[in-house]
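**Student:** Data: target_1.cif, mmCIF, C-alpha atoms.
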data_work
#
loop_
_atom_site.label_atom_id
_atom_site.label_comp_id
_atom_site.auth_asym_id
_atom_site.auth_seq_id
_atom_site.Cartn_x
_atom_site.Cartn_y
_atom_site.Cartn_z
CA MET A 91 5.66 -21.23 -6.94
CA ASN A 92 4.34 -17.70 -7.02
CA GLU A 93 5.58 -16.16 -10.27
CA THR A 94 5.89 -12.71 -8.69
CA LYS A 95 8.73 -13.89 -6.46
CA ARG A 96 11.39 -13.57 -9.18
CA LEU A 97 11.90 -12.11 -12.62
CA ASN A 98 10.73 -14.28 -15.51
CA PRO A 99 12.54 -14.12 -18.90
CA GLY A 100 10.01 -11.63 -20.27
CA GLN A 101 10.55 -9.27 -17.34
CA ALA A 102 14.34 -9.61 -17.66
CA LEU A 103 14.18 -8.73 -21.37
CA ARG A 104 11.99 -5.72 -20.60
CA LEU A 105 14.50 -4.51 -18.00
CA LEU A 106 17.28 -4.81 -20.58
CA ARG A 107 15.35 -2.74 -23.12
CA GLN A 108 14.57 -0.13 -20.48
CA GLY A 109 18.24 0.00 -19.43
CA LEU A 110 19.25 0.77 -23.01
CA GLY A 111 16.72 3.61 -22.88
CA GLY A 112 18.24 5.14 -19.75
CA ARG A 113 15.91 3.77 -17.09
CA ILE A 114 14.94 0.52 -15.41
CA SER A 115 11.52 -0.07 -13.87
CA ILE A 116 11.22 -2.81 -11.24
CA PRO A 117 7.62 -3.79 -10.35
CA LEU A 118 6.84 -3.61 -6.64
CA SER A 119 5.26 -7.05 -7.01
CA VAL A 120 8.78 -8.45 -7.43
CA ILE A 121 9.94 -6.67 -4.26
CA ARG A 122 6.89 -7.87 -2.35
CA GLY A 123 7.58 -11.44 -3.44
CA ARG A 124 11.18 -11.27 -2.24
CA LEU A 125 10.11 -9.78 1.09
CA ALA A 126 7.60 -12.59 1.54
CA GLU A 127 10.42 -15.12 1.07
CA MET A 128 12.80 -13.36 3.44
CA SER A 129 10.47 -12.21 6.22
CA GLU A 130 9.93 -15.03 8.67
CA LYS A 131 9.75 -13.04 11.89
CA VAL A 132 8.69 -9.64 10.52
CA ALA A 133 5.48 -9.00 8.56
CA LEU A 134 6.11 -6.21 6.02
CA GLU A 135 3.90 -4.35 3.58
CA ILE A 136 5.05 -1.76 1.05
CA GLU A 137 2.97 0.78 -0.85
CA PRO A 138 3.98 3.53 -3.29
CA VAL A 139 3.98 7.11 -1.97
CA SER A 140 5.61 8.87 -4.91
CA PRO A 141 8.48 9.55 -5.11
CA GLY A 142 9.14 7.10 -2.26
CA LEU A 143 7.66 4.12 -0.46
CA ARG A 144 5.55 3.59 2.64
CA VAL A 145 6.62 0.55 4.67
CA GLN A 146 4.62 -0.83 7.54
CA GLY A 147 4.66 -4.02 9.53
CA GLU A 148 4.73 -5.83 12.83
CA ALA A 149 7.51 -7.55 14.73
CA HIS A 150 8.41 -8.81 18.20
CA ALA A 151 11.26 -6.94 19.87
CA LEU A 152 12.47 -7.44 23.44
CA GLY A 153 9.40 -9.56 24.12
CA ALA A 154 6.87 -6.98 22.94
CA PRO A 155 4.73 -6.82 19.79
CA ILE A 156 5.69 -3.64 17.90
CA SER A 157 3.80 -2.06 15.01
CA PHE A 158 5.81 0.31 12.85
CA ALA A 159 5.49 2.41 9.72
CA ALA A 160 7.80 4.78 7.84
CA ARG A 161 8.25 6.57 4.57
CA ILE A 162 11.44 5.69 2.64
CA ASP A 163 13.02 7.89 -0.02
CA ALA A 164 16.35 7.35 -1.78
CA ASP A 165 18.53 9.34 -4.12
CA GLY A 166 20.90 8.03 -6.75
CA VAL A 167 24.32 6.45 -6.34
CA HIS A 168 27.07 8.98 -5.62
CA ILE A 169 30.56 8.39 -7.00
CA GLU A 170 33.22 9.37 -4.46
CA GLY A 171 36.61 7.91 -5.36
CA GLU A 172 36.29 4.18 -4.70
CA ARG A 173 33.03 4.62 -2.78
CA ARG A 174 29.57 4.14 -4.29
CA THR A 175 27.14 5.57 -1.77
CA ILE A 176 23.39 5.86 -1.65
CA ARG A 177 21.45 7.97 0.85
CA ILE A 178 18.19 6.61 2.26
CA ARG A 179 15.86 8.94 4.13
CA LEU A 180 13.44 7.68 6.80
CA SER A 181 10.55 9.98 7.68
CA GLU A 182 6.98 9.91 9.01
CA VAL A 183 8.05 7.16 11.39
CA GLU A 184 5.34 5.69 13.64
CA LEU A 185 5.77 3.18 16.46
CA SER A 186 3.04 1.65 18.61
CA THR A 187 2.42 -1.28 20.90
CA SER A 188 -0.37 -2.66 23.05
CA GLU A 189 -1.15 -1.24 26.47
CA ASP A 190 -0.14 -4.43 28.24
CA ALA A 191 3.00 -5.22 26.21
CA PRO A 192 5.93 -5.97 28.56
CA GLY A 193 9.50 -4.73 28.48
CA PRO A 194 11.51 -1.50 28.37
CA LEU A 195 11.00 -0.92 24.65
CA ALA A 196 7.23 -1.10 24.97
CA ASP A 197 7.38 1.29 27.96
CA ALA A 198 9.52 3.74 25.98
CA ILE A 199 7.09 3.69 23.04
CA ARG A 200 4.03 4.22 25.23
CA ASN A 201 5.70 7.08 27.08
CA GLY A 202 6.88 8.84 23.91
CA MET A 203 10.54 8.48 24.86
CA ILE A 204 11.71 7.40 21.38
CA ASP A 205 12.65 10.20 19.00
CA THR A 206 10.89 9.15 15.79
CA ASN A 207 11.86 12.45 14.14
CA ASN A 208 15.49 11.26 13.97
CA PRO A 209 15.22 7.52 13.33
CA ALA A 210 18.66 7.16 11.72
CA THR A 211 20.36 8.58 14.82
CA LEU A 212 18.31 6.21 16.95
CA ILE A 213 19.36 3.22 14.84
CA GLY A 214 23.01 4.24 14.94
CA ASN A 215 22.97 4.60 18.72
CA MET A 216 21.05 1.43 19.51
CA ILE A 217 22.63 -1.26 17.33
CA SER A 218 26.01 -2.28 15.96
CA LEU A 219 25.88 -1.21 12.34
CA PRO A 220 27.25 -3.35 9.49
CA ASP A 221 30.29 -2.04 7.61
CA MET A 222 28.23 -1.01 4.60
CA ILE A 223 26.41 1.66 6.67
CA VAL A 224 28.90 4.54 6.75
CA GLU A 225 26.61 7.11 8.36
CA ALA A 226 23.36 7.11 10.32
CA LYS A 227 22.30 10.56 11.45
CA GLY A 228 19.02 12.43 11.70
CA GLN A 229 16.70 10.92 9.11
CA ASP A 230 19.45 9.76 6.73
CA ILE A 231 21.28 6.47 6.42
CA VAL A 232 24.20 6.36 3.97
CA LEU A 233 25.21 3.00 2.50
CA ASP A 234 28.47 2.28 0.68
CA LEU A 235 27.60 -0.38 -1.88
CA MET A 236 31.28 -1.28 -2.22
CA ARG A 237 31.17 -2.52 1.38
CA VAL A 238 28.55 -5.16 0.68
CA PRO A 239 30.36 -8.27 2.03
CA ALA A 240 30.38 -10.17 -1.29
CA ILE A 241 31.93 -7.14 -3.01
CA GLN A 242 34.24 -6.04 -0.21
CA ARG A 243 36.05 -9.36 0.08
CA ASP A 244 36.68 -9.75 -3.68
CA GLU A 245 39.23 -7.20 -4.86
CA MET A 246 38.81 -7.92 -8.56
CA LEU A 247 35.02 -7.79 -8.38
CA ARG A 248 35.24 -4.52 -6.45
CA ALA A 249 37.51 -2.98 -9.08
CA ALA A 250 35.28 -4.18 -11.93
CA ILE A 251 32.12 -2.77 -10.34
CA ALA A 252 33.86 0.54 -9.62
CA ALA A 253 34.96 0.79 -13.25
CA ALA A 254 31.54 -0.15 -14.67
CA THR A 255 29.63 2.26 -12.45
CA SER A 256 32.01 5.11 -13.32
CA TYR A 257 30.63 4.91 -16.87
CA LEU A 258 26.97 4.07 -16.21
CA CYS A 259 25.24 4.31 -12.87
CA VAL A 260 21.89 4.97 -11.18
CA LYS A 261 21.47 8.75 -10.93
CA GLY A 262 17.94 8.84 -9.56
CA ILE A 263 15.45 6.58 -7.77
CA ARG A 264 11.71 7.17 -7.56
CA VAL A 265 8.52 5.18 -7.23
CA CYS A 266 5.98 5.59 -9.99
CA ASP A 267 2.92 3.52 -10.97
CA ASP A 268 3.60 0.71 -8.48
CA ALA A 269 7.19 0.30 -9.65
CA ILE A 270 10.64 1.51 -8.62
CA GLU A 271 12.17 3.49 -11.45
CA LEU A 272 15.97 3.68 -11.66
CA ARG A 273 17.21 6.50 -13.88
CA LEU A 274 20.62 5.85 -15.39
CA GLY A 275 23.32 8.41 -16.18
CA LEU A 276 26.58 8.35 -18.15
CA LEU A 277 29.91 9.29 -16.52
CA PRO A 278 28.31 10.07 -13.13
CA GLY A 279 31.67 10.99 -11.59
CA GLY A 280 33.03 12.72 -14.67
CA PRO A 281 35.60 11.59 -17.28
CA LYS A 282 38.53 11.75 -14.84
CA GLU A 283 36.87 9.37 -12.37
CA ALA A 284 35.99 6.98 -15.21
CA ALA A 285 39.61 6.94 -16.37
CA LEU A 286 40.95 6.35 -12.83
CA SER A 287 38.47 3.55 -12.15
CA THR A 288 39.35 1.87 -15.44
CA ALA A 289 43.07 2.09 -14.62
CA ARG A 290 42.51 0.55 -11.17
CA ALA A 291 40.49 -2.31 -12.68
CA ALA A 292 43.17 -2.94 -15.30
CA LEU A 293 46.01 -2.95 -12.76
CA THR A 294 44.31 -5.12 -10.14
CA PRO A 295 45.09 -8.51 -11.82
CA ALA A 296 48.75 -7.53 -12.24
CA VAL A 297 49.04 -6.48 -8.60
CA ARG A 298 47.46 -9.76 -7.46
CA PHE A 299 49.92 -11.71 -9.65
CA LEU A 300 53.02 -9.83 -8.49
CA TRP A 301 52.03 -9.81 -4.82
CA PRO A 302 50.09 -13.06 -4.30
CA GLU A 303 50.39 -12.76 -0.50
CA GLY A 304 47.92 -9.86 -0.75
CA ARG A 305 45.17 -12.10 -2.10
CA GLY A 306 42.13 -12.69 0.03
CA ARG A 307 42.20 -15.94 1.95
#
Translate the structure described by the file into structure tokens.

**Tutor:**
Amino acid sequence: MNETKRLNPGQALRLLRQGLGGRISIPLSVIRGRLAEMSEKVALEIEPVSPGLRVQGEAHALGAPISFAARIDADGVHIEGERRTIRIRLSEVELSTSEDAPGPLADAIRNGMIDTNNPATLIGNMISLPDMIVEAKGQDIVLDLMRVPAIQRDEMLRAAIAAATSYLCVKGIRVCDDAIELRLGLLPGGPKEAALSTARAALTPAVRFLWPEGRGR
């Protein structure tokens, strides 16, 4: 098995040491390995374009071969009550297809009918978005990490993550030296938010015990 596909113990220990120092650096080789495992129908390549990434690839959509490329930038996690949101910006989007590719999507690309300057709006209008995407407008897509299905359906896990991230959370994301660097910050939402999140996490087990009918099925 390709050793770049997952973290080995040495890499995990290095991430822990970095986290204690206020930052975590994830090699792009790890991300590339995971993409290679997951991408069966879409060929993806990623390259650093500091402070973001350049993603390019090929896929078949509506019967046509589509080549695409885009720059991706992300900011840190924002603490907003029980929400933990991250904003992803898509820019420098390029779409192309062959001259003889069939279908309405290929025709729209060849005729310049797709607004690549506002890709997030295009995505929001064309597809049914998952719950974790709370906004898709212009070049920006906003994700609420608390709406990731595994987190959303587990009330106690959701409360624990909210409490933990109110004390220590990712405040900045940038790509540097072929790695994604996550900069950590203390009390990202302020002391009051940390106290409220801790109280919610502490009360959640009691609420589940007193009102068992509210438990997830």

**Student:** Please identify all polymer residues lying at most 12 Å from the point (10.8, -2.7, 26.9) (file coordinates), using only C-alpha atoms, and present the result as a VMD selection string.

**Tutor:** chain A and resid 150 to 156 187 to 188 190 to 201 203 to 204

**Student:** Counting all atoms listed in the file, which of A:Arg177, A:Lys282, A:Arg144, A:Arg273 gets nearest to Tyr257 (chain A)?

**Tutor:**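 Smallest distance to Tyr257 (chain A) is found for A:Lys282.
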
**Student:** Please indicate the distance in Å from CA of Leu125 (chain A) to CA of Gly147 (chain A), rounded to one decimal place.

**Tutor:**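 Separation of CA of Leu125 (chain A) and CA of Gly147 (chain A): 11.6 Å.
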
**Student:** When you draw a straight line from CA of Ser287 (chain A) to CA of Arg179 (chain A), how long is it in Å?

**Tutor:**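 Distance between the two atoms: 28.4 Å.
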
**Student:** Could you check how far CA of Asp163 (chain A) sits from CA of Ile217 (chain A), in Å to one decimal?

**Tutor:** 21.8 Å

**Student:** Which residues would end up in the selection if the PyMOL selection byres ((chain A and resi 213) around 12) were applied here, given that I need the answer as a VMD selection string?

**Tutor:** chain A and resid 180 204 to 212 214 to 220 223 225 to 231

**Student:** Within 10 Å of (36.2, -2.1, -9.1) (file coordinates; all atoms listed in the file), which protein or nucleic acid residues are there? I'd like them as number ranges by chain.

**Tutor:** A: 172-173, 236, 241-242, 244-256, 287-292, 294

**Student:** Hey, could you pull the box centre and edge lengths for region 174-190 of chain A, axis-aligned, 8 Å padding per side, all listed atoms, to one decimal in Å, as AutoDock Vina command-line options?

**Tutor:**
--center_x 14.2 --center_y 2.8 --center_z 12.0 --size_x 46.7 --size_y 30.4 --size_z 48.5

**Student:** Mind checking which residues fall within 9 Å of Leu258 (chain A), counting all atoms listed in the file, ignoring those fewer than 6 positions away in the same chain, and posting them as a PyMOL selection string?

**Tutor:** chain A and resi 274-278

**Student:** Specify as a PyMOL selection string each residue included when the PyMOL selection byres ((chain A and resi 165-168) around 6) is applied to this file.

**Tutor:** chain A and resi 164+169+174-177+260-263

**Student:** Suppose a student applies the PyMOL selection byres ((chain A and resi 148) around 7) to this structure; what residues should they get, written as a list in words?

**Tutor:** Val132, Ala133, Leu134, Gly147, Ala149, Ile156, Ser157 and Phe158 of chain A
